[in-house]
>>> print(open('run_9.pdb').read())   # PDB, C-alpha atoms, pLDDT in the B column
MODEL        1
ATOM      1  CA  MET N1138      82.264 -74.221 -17.514  1.00 88.00           C
ATOM      2  CA  VAL N1139      79.970 -71.355 -18.458  1.00 93.00           C
ATOM      3  CA  PHE N1140      76.358 -72.153 -19.351  1.00 96.00           C
ATOM      4  CA  THR N1141      74.560 -69.944 -21.860  1.00 96.00           C
ATOM      5  CA  GLY N1142      71.498 -70.100 -24.051  1.00 96.00           C
ATOM      6  CA  THR N1143      67.763 -70.632 -23.845  1.00 97.00           C
ATOM      7  CA  TYR N1144      66.108 -73.922 -24.764  1.00 97.00           C
ATOM      8  CA  ASP N1145      62.374 -74.605 -24.898  1.00 98.00           C
ATOM      9  CA  HIS N1146      61.619 -78.104 -23.634  1.00 96.00           C
ATOM     10  CA  THR N1147      58.931 -80.203 -22.028  1.00 97.00           C
ATOM     11  CA  ILE N1148      58.943 -82.427 -18.990  1.00 98.00           C
ATOM     12  CA  ASP N1149      57.373 -85.726 -20.012  1.00 97.00           C
ATOM     13  CA  THR N1150      54.900 -87.804 -18.016  1.00 96.00           C
ATOM     14  CA  LYS N1151      57.786 -89.746 -16.427  1.00 97.00           C
ATOM     15  CA  ASN N1152      59.343 -86.473 -15.156  1.00 97.00           C
ATOM     16  CA  ARG N1153      62.155 -86.612 -17.703  1.00 98.00           C
ATOM     17  CA  LEU N1154      63.772 -83.505 -19.144  1.00 98.00           C
ATOM     18  CA  ALA N1155      65.956 -83.658 -22.254  1.00 96.00           C
ATOM     19  CA  ILE N1156      69.227 -81.797 -21.952  1.00 95.00           C
ATOM     20  CA  PRO N1157      70.234 -80.288 -25.326  1.00 95.00           C
ATOM     21  CA  ALA N1158      72.930 -82.268 -27.155  1.00 92.00           C
ATOM     22  CA  GLU N1159      75.286 -79.289 -27.386  1.00 93.00           C
ATOM     23  CA  VAL N1160      75.053 -78.789 -23.616  1.00 94.00           C
ATOM     24  CA  ARG N1161      75.593 -82.500 -22.906  1.00 92.00           C
ATOM     25  CA  THR N1162      78.641 -82.529 -25.165  1.00 89.00           C
ATOM     26  CA  ARG N1163      80.179 -79.573 -23.351  1.00 90.00           C
ATOM     27  CA  ILE N1164      79.452 -81.132 -19.951  1.00 90.00           C
ATOM     28  CA  LYS N1165      81.060 -84.418 -20.976  1.00 87.00           C
ATOM     29  CA  ARG N1166      84.051 -82.641 -22.451  1.00 85.00           C
ATOM     30  CA  SER N1167      84.592 -80.485 -19.365  1.00 82.00           C
ATOM     31  CA  SER N1168      84.218 -83.445 -16.994  1.00 73.00           C
ATOM     32  CA  GLY N1169      86.621 -85.571 -19.026  1.00 72.00           C
ATOM     33  CA  THR N1170      84.160 -88.449 -19.357  1.00 65.00           C
ATOM     34  CA  GLY N1171      83.748 -90.590 -22.432  1.00 61.00           C
ATOM     35  CA  ASP N1172      80.494 -91.469 -24.152  1.00 62.00           C
ATOM     36  CA  ASP N1173      80.178 -94.719 -22.208  1.00 67.00           C
ATOM     37  CA  GLN N1174      80.760 -93.205 -18.761  1.00 75.00           C
ATOM     38  CA  ALA N1175      77.981 -91.981 -16.466  1.00 80.00           C
ATOM     39  CA  VAL N1176      77.548 -88.233 -16.230  1.00 84.00           C
ATOM     40  CA  PHE N1177      75.721 -86.662 -13.322  1.00 90.00           C
ATOM     41  CA  LEU N1178      74.236 -83.274 -12.720  1.00 95.00           C
ATOM     42  CA  TYR N1179      73.162 -82.012  -9.318  1.00 96.00           C
ATOM     43  CA  LEU N1180      69.612 -80.749  -9.127  1.00 97.00           C
ATOM     44  CA  THR N1181      68.736 -78.216  -6.436  1.00 95.00           C
ATOM     45  CA  LEU N1182      65.831 -75.969  -5.565  1.00 94.00           C
ATOM     46  CA  ALA N1183      66.517 -72.214  -5.533  1.00 90.00           C
ATOM     47  CA  GLU N1184      64.884 -69.538  -3.397  1.00 85.00           C
ATOM     48  CA  ASP N1185      62.275 -68.666  -6.011  1.00 87.00           C
ATOM     49  CA  TRP N1186      61.307 -72.347  -6.491  1.00 89.00           C
ATOM     50  CA  THR N1187      63.441 -72.629  -9.601  1.00 93.00           C
ATOM     51  CA  LEU N1188      65.171 -75.917 -10.316  1.00 97.00           C
ATOM     52  CA  CYS N1189      68.916 -75.524 -10.839  1.00 97.00           C
ATOM     53  CA  LEU N1190      71.273 -78.016 -12.459  1.00 97.00           C
ATOM     54  CA  TYR N1191      74.988 -77.957 -11.642  1.00 96.00           C
ATOM     55  CA  THR N1192      77.815 -80.053 -12.977  1.00 95.00           C
ATOM     56  CA  GLU N1193      79.620 -82.110 -10.346  1.00 93.00           C
ATOM     57  CA  GLU N1194      82.456 -79.608 -10.440  1.00 93.00           C
ATOM     58  CA  GLY N1195      80.071 -76.674 -10.108  1.00 93.00           C
ATOM     59  CA  TYR N1196      78.235 -78.271  -7.217  1.00 95.00           C
ATOM     60  CA  GLU N1197      81.507 -79.014  -5.443  1.00 94.00           C
ATOM     61  CA  GLN N1198      82.493 -75.371  -5.979  1.00 94.00           C
ATOM     62  CA  ARG N1199      79.245 -74.266  -4.260  1.00 92.00           C
ATOM     63  CA  ALA N1200      80.076 -76.592  -1.350  1.00 92.00           C
ATOM     64  CA  HIS N1201      83.590 -75.142  -1.142  1.00 93.00           C
ATOM     65  CA  GLU N1202      82.207 -71.602  -1.121  1.00 93.00           C
ATOM     66  CA  LEU N1203      79.861 -72.540   1.727  1.00 91.00           C
ATOM     67  CA  ASP N1204      82.859 -73.785   3.715  1.00 91.00           C
ATOM     68  CA  HIS N1205      84.152 -70.205   3.571  1.00 91.00           C
ATOM     69  CA  SER N1206      80.845 -68.462   4.177  1.00 89.00           C
ATOM     70  CA  GLU N1207      80.650 -65.572   6.594  1.00 92.00           C
ATOM     71  CA  MET N1208      77.229 -66.717   7.808  1.00 91.00           C
ATOM     72  CA  ASP N1209      76.734 -67.476  11.476  1.00 93.00           C
ATOM     73  CA  SER N1210      77.563 -71.175  12.014  1.00 91.00           C
ATOM     74  CA  LYS N1211      74.064 -72.084  13.246  1.00 94.00           C
ATOM     75  CA  GLU N1212      72.424 -70.247  10.355  1.00 94.00           C
ATOM     76  CA  LEU N1213      74.824 -71.903   7.901  1.00 94.00           C
ATOM     77  CA  LEU N1214      74.100 -75.347   9.334  1.00 94.00           C
ATOM     78  CA  GLU N1215      70.350 -74.795   8.897  1.00 95.00           C
ATOM     79  CA  TYR N1216      70.892 -73.583   5.352  1.00 93.00           C
ATOM     80  CA  GLU N1217      73.060 -76.603   4.548  1.00 94.00           C
ATOM     81  CA  ARG N1218      70.484 -78.999   5.998  1.00 95.00           C
ATOM     82  CA  VAL N1219      67.837 -77.612   3.687  1.00 94.00           C
ATOM     83  CA  PHE N1220      70.070 -77.098   0.656  1.00 93.00           C
ATOM     84  CA  TYR N1221      71.668 -80.539   0.660  1.00 95.00           C
ATOM     85  CA  SER N1222      68.491 -82.394   1.633  1.00 94.00           C
ATOM     86  CA  LEU N1223      66.752 -80.790  -1.366  1.00 94.00           C
ATOM     87  CA  SER N1224      69.574 -81.675  -3.760  1.00 96.00           C
ATOM     88  CA  LYS N1225      69.785 -84.807  -5.865  1.00 96.00           C
ATOM     89  CA  ALA N1226      72.350 -86.231  -8.259  1.00 96.00           C
ATOM     90  CA  VAL N1227      70.643 -87.090 -11.542  1.00 96.00           C
ATOM     91  CA  GLU N1228      72.211 -89.100 -14.357  1.00 94.00           C
ATOM     92  CA  PHE N1229      71.827 -88.708 -18.104  1.00 92.00           C
ATOM     93  CA  ASP N1230      69.985 -91.622 -19.690  1.00 93.00           C
ATOM     94  CA  LYS N1231      70.906 -92.914 -23.162  1.00 91.00           C
ATOM     95  CA  GLN N1232      68.682 -90.286 -24.812  1.00 93.00           C
ATOM     96  CA  GLY N1233      70.311 -87.427 -22.885  1.00 92.00           C
ATOM     97  CA  ARG N1234      67.458 -86.920 -20.441  1.00 96.00           C
ATOM     98  CA  VAL N1235      67.513 -86.531 -16.680  1.00 97.00           C
ATOM     99  CA  THR N1236      64.662 -87.615 -14.442  1.00 97.00           C
ATOM    100  CA  LEU N1237      63.506 -84.872 -12.125  1.00 97.00           C
ATOM    101  CA  PRO N1238      62.632 -86.221  -8.675  1.00 96.00           C
ATOM    102  CA  SER N1239      58.924 -85.911  -7.896  1.00 95.00           C
ATOM    103  CA  ASN N1240      59.478 -84.082  -4.607  1.00 95.00           C
ATOM    104  CA  LEU N1241      61.551 -81.335  -6.248  1.00 96.00           C
ATOM    105  CA  LEU N1242      59.255 -81.095  -9.249  1.00 95.00           C
ATOM    106  CA  GLU N1243      56.230 -80.702  -6.991  1.00 95.00           C
ATOM    107  CA  ARG N1244      57.940 -78.071  -4.829  1.00 94.00           C
ATOM    108  CA  SER N1245      58.935 -76.104  -7.925  1.00 95.00           C
ATOM    109  CA  GLY N1246      55.352 -76.026  -9.197  1.00 94.00           C
ATOM    110  CA  LEU N1247      56.554 -76.555 -12.772  1.00 96.00           C
ATOM    111  CA  GLY N1248      54.226 -77.905 -15.419  1.00 95.00           C
ATOM    112  CA  SER N1249      55.319 -79.668 -18.564  1.00 97.00           C
ATOM    113  CA  GLU N1250      56.172 -76.567 -20.652  1.00 98.00           C
ATOM    114  CA  VAL N1251      59.563 -75.349 -19.437  1.00 98.00           C
ATOM    115  CA  VAL N1252      62.581 -73.413 -20.550  1.00 98.00           C
ATOM    116  CA  LEU N1253      66.147 -74.386 -19.735  1.00 97.00           C
ATOM    117  CA  ILE N1254      68.372 -71.337 -19.426  1.00 97.00           C
ATOM    118  CA  GLY N1255      72.108 -71.030 -19.005  1.00 97.00           C
ATOM    119  CA  VAL N1256      73.088 -68.877 -16.023  1.00 96.00           C
ATOM    120  CA  LYS N1257      76.878 -68.838 -16.003  1.00 94.00           C
ATOM    121  CA  ASP N1258      77.718 -71.693 -13.598  1.00 94.00           C
ATOM    122  CA  HIS N1259      74.421 -73.581 -13.758  1.00 96.00           C
ATOM    123  CA  LEU N1260      71.281 -74.270 -15.752  1.00 97.00           C
ATOM    124  CA  GLU N1261      67.837 -73.250 -14.548  1.00 97.00           C
ATOM    125  CA  VAL N1262      64.563 -74.990 -15.320  1.00 98.00           C
ATOM    126  CA  ARG N1263      61.741 -72.449 -15.317  1.00 97.00           C
ATOM    127  CA  ASP N1264      58.135 -72.248 -16.366  1.00 97.00           C
ATOM    128  CA  ARG N1265      58.290 -71.276 -20.026  1.00 97.00           C
ATOM    129  CA  LYS N1266      55.492 -68.701 -20.094  1.00 97.00           C
ATOM    130  CA  ALA N1267      56.581 -67.075 -16.824  1.00 96.00           C
ATOM    131  CA  TRP N1268      60.203 -66.869 -18.004  1.00 97.00           C
ATOM    132  CA  TYR N1269      59.395 -65.153 -21.294  1.00 98.00           C
ATOM    133  CA  GLU N1270      57.035 -62.718 -19.531  1.00 97.00           C
ATOM    134  CA  HIS N1271      59.752 -61.943 -16.976  1.00 96.00           C
ATOM    135  CA  LEU N1272      62.330 -61.462 -19.720  1.00 96.00           C
ATOM    136  CA  GLU N1273      60.079 -59.101 -21.692  1.00 96.00           C
ATOM    137  CA  CYS N1274      59.327 -57.024 -18.583  1.00 95.00           C
ATOM    138  CA  LYS N1275      62.996 -56.880 -17.638  1.00 93.00           C
ATOM    139  CA  LEU N1276      64.063 -55.768 -21.121  1.00 92.00           C
ATOM    140  CA  ARG N1277      61.253 -53.207 -21.321  1.00 92.00           C
ATOM    141  CA  ASP N1278      61.657 -51.767 -17.815  1.00 94.00           C
ATOM    142  CA  GLN N1279      65.442 -52.012 -17.539  1.00 89.00           C
ATOM    143  CA  PRO N1280      66.912 -51.763 -21.034  1.00 84.00           C
ATOM    144  CA  ASP N1281      70.303 -50.881 -19.530  1.00 85.00           C
ATOM    145  CA  ILE N1282      70.509 -54.412 -18.110  1.00 84.00           C
ATOM    146  CA  LEU N1283      72.173 -55.325 -21.407  1.00 83.00           C
ATOM    147  CA  MET N1284      75.154 -53.111 -20.607  1.00 76.00           C
ATOM    148  CA  ASN N1285      78.572 -53.998 -21.840  1.00 71.00           C
ATOM    149  CA  PRO N1286      80.080 -56.644 -19.480  1.00 72.00           C
ATOM    150  CA  ARG N1287      83.091 -54.383 -18.959  1.00 72.00           C
ATOM    151  CA  GLN N1288      80.766 -51.727 -17.534  1.00 73.00           C
ATOM    152  CA  ALA N1289      79.343 -54.243 -15.076  1.00 70.00           C
ATOM    153  CA  MET N1290      82.865 -55.125 -13.955  1.00 70.00           C
ATOM    154  CA  ARG N1291      83.727 -51.454 -13.418  1.00 70.00           C
ATOM    155  CA  ARG N1292      80.755 -50.996 -11.075  1.00 64.00           C
ATOM    156  CA  ARG N1293      82.419 -53.070  -8.361  1.00 58.00           C
TER     157      ARG N1293
ENDMDL
END
>>> encode(input="run_9.pdb", output="C-alpha cells")
Amino acid sequence: MVFTGTYDHTIDTKNRLAIPAEVRTRIKRSSGTGDDQAVFLYLTLAEDWTLCLYTEEGYEQRAHELDHSEMDSKELLEYERVFYSLSKAVEFDKQGRVTLPSNLLERSGLGSEVVLIGVKDHLEVRDRKAWYEHLECKLRDQPDILMNPRQAMRRR
C-alpha cells in the first residue's frame, strides 16, 4: 500500500487523531478486513521526533528488513530495543480515530495542530506549521526535488 496526500488535523484533548476516511478505507481494503473487524496501525517514533503510522503489513515488512540488516549485531539489538519499545499498536475507534499514547506524544513534542502526510509506506504526523515551513523552504531552495520519478530511478 502506498500512502499519499496531506491532511490538516488536530489532536484532541484525549490524544485522539482522526484518520481521513479515504485513508481508512484503503487500509481496510488492503488488509482484507470488514467494517466490523478491528484494524490496527503501528505507531513509532522516528529519528527527528516524528510520529509514524504503519499498517500491520508495513510494520511487519520493516521487521523483516531488520532481520536482513547489515548492521553489527550488537548495534542492531540496541536499535531494536529502542525501536520496538517505542512502538505501539493503535486501533481505530468507531469514528476512525486512533489514540496516540501519551509517552510518544510527549516525546514527539507535537501540539494539537498537526498534519498527516503520506510517505509511501507510512503516514507521518508532524507539527502543521513546521511542516508547511519545511515544505516551502524545500520547494524554494531545491525546486528540482520535484523531478520526474523516472529520473530519480535512473540516478541509482
>>> closest_residue(input="run_9.pdb", among="N:Ile1164, N:Glu1250, N:Ser1245, N:Asn1240", to="N:Asp1149", atoms="only C-alpha atoms")
N:Glu1250
>>> closest_residue(input="run_9.pdb", among="N:Leu1182, N:Ile1156, N:Leu1203, N:Met1208", to="N:Leu1247", atoms="only C-alpha atoms")
N:Leu1182
>>> residues_around(input="run_9.pdb", residues="N:Thr1147", least_positions_apart="6", cutoff="9 Å", atoms="only C-alpha atoms", output="ChimeraX atom specification")
/N:1153-1155,1248-1252
>>> atom_distance(input="run_9.pdb", atom1="atom CA of N:Gly1255", atom2="atom CA of N:Leu1241")
19.5 Å
>>> atom_distance(input="run_9.pdb", atom1="atom CA of N:Glu1217", atom2="atom CA of N:Tyr1179")
14.9 Å
>>> resolve_selection(input="run_9.pdb", expression="the PyMOL selection byres ((chain N and resi 1265-1272) around 9)", output="number ranges by chain")
N: 1145-1146, 1250-1253, 1262-1264, 1273-1277
>>> atom_distance(input="run_9.pdb", atom1="atom CA of N:Ser1167", atom2="atom CA of N:Asp1204")
24.1 Å
>>> residues_around(input="run_9.pdb", residues="N:Lys1257", least_positions_apart="2", cutoff="10 Å", atoms="all atoms listed in the file", output="ChimeraX atom specification")
/N:1138-1142,1254-1255,1259-1260
>>> closest_residue(input="run_9.pdb", among="N:Leu1180, N:Glu1193, N:Ser1210, N:Glu1261", to="N:Ser1224", atoms="only C-alpha atoms")
N:Leu1180
>>> resolve_selection(input="run_9.pdb", expression="the PyMOL selection byres ((chain N and resi 1176) around 10)", output="list in words")
Arg1161, Ile1164, Lys1165, Ser1168, Gly1169, Thr1170, Gly1171, Asp1172, Asp1173, Gln1174, Ala1175, Phe1177, Leu1178, Thr1192, Glu1193, Ala1226, Val1227, Glu1228, Phe1229, Asp1230 and Gly1233 of chain N
>>> closest_residue(input="run_9.pdb", among="N:Arg1199, N:Leu1223, N:Thr1162, N:Ile1148", to="N:Glu1184", atoms="all atoms listed in the file")
N:Leu1223
>>> residues_around(input="run_9.pdb", residues="N:Arg1244", least_positions_apart="5", cutoff="12 Å", atoms="all atoms listed in the file", output="list in words")
Thr1181, Leu1182, Ala1183, Glu1184, Asp1185, Trp1186, Thr1187, Leu1188, Leu1223, Leu1237, Pro1238 and Ser1239 of chain N
>>> write_last_selection(input="run_9.pdb", atoms="C-alpha atoms", output="compact mmCIF listing (two decimals), keeping the file's coordinate frame")
# COMPACT_ATOMS: atom_id res chain seq x y z
CA THR N 1181 68.74 -78.22 -6.44
CA LEU N 1182 65.83 -75.97 -5.56
CA ALA N 1183 66.52 -72.21 -5.53
CA GLU N 1184 64.88 -69.54 -3.40
CA ASP N 1185 62.28 -68.67 -6.01
CA TRP N 1186 61.31 -72.35 -6.49
CA THR N 1187 63.44 -72.63 -9.60
CA LEU N 1188 65.17 -75.92 -10.32
CA LEU N 1223 66.75 -80.79 -1.37
CA LEU N 1237 63.51 -84.87 -12.12
CA PRO N 1238 62.63 -86.22 -8.68
CA SER N 1239 58.92 -85.91 -7.90
>>> closest_residue(input="run_9.pdb", among="N:Gln1279, N:Gln1198, N:Ser1206, N:Asn1152", to="N:Asp1258", atoms="all atoms listed in the file")
N:Gln1198
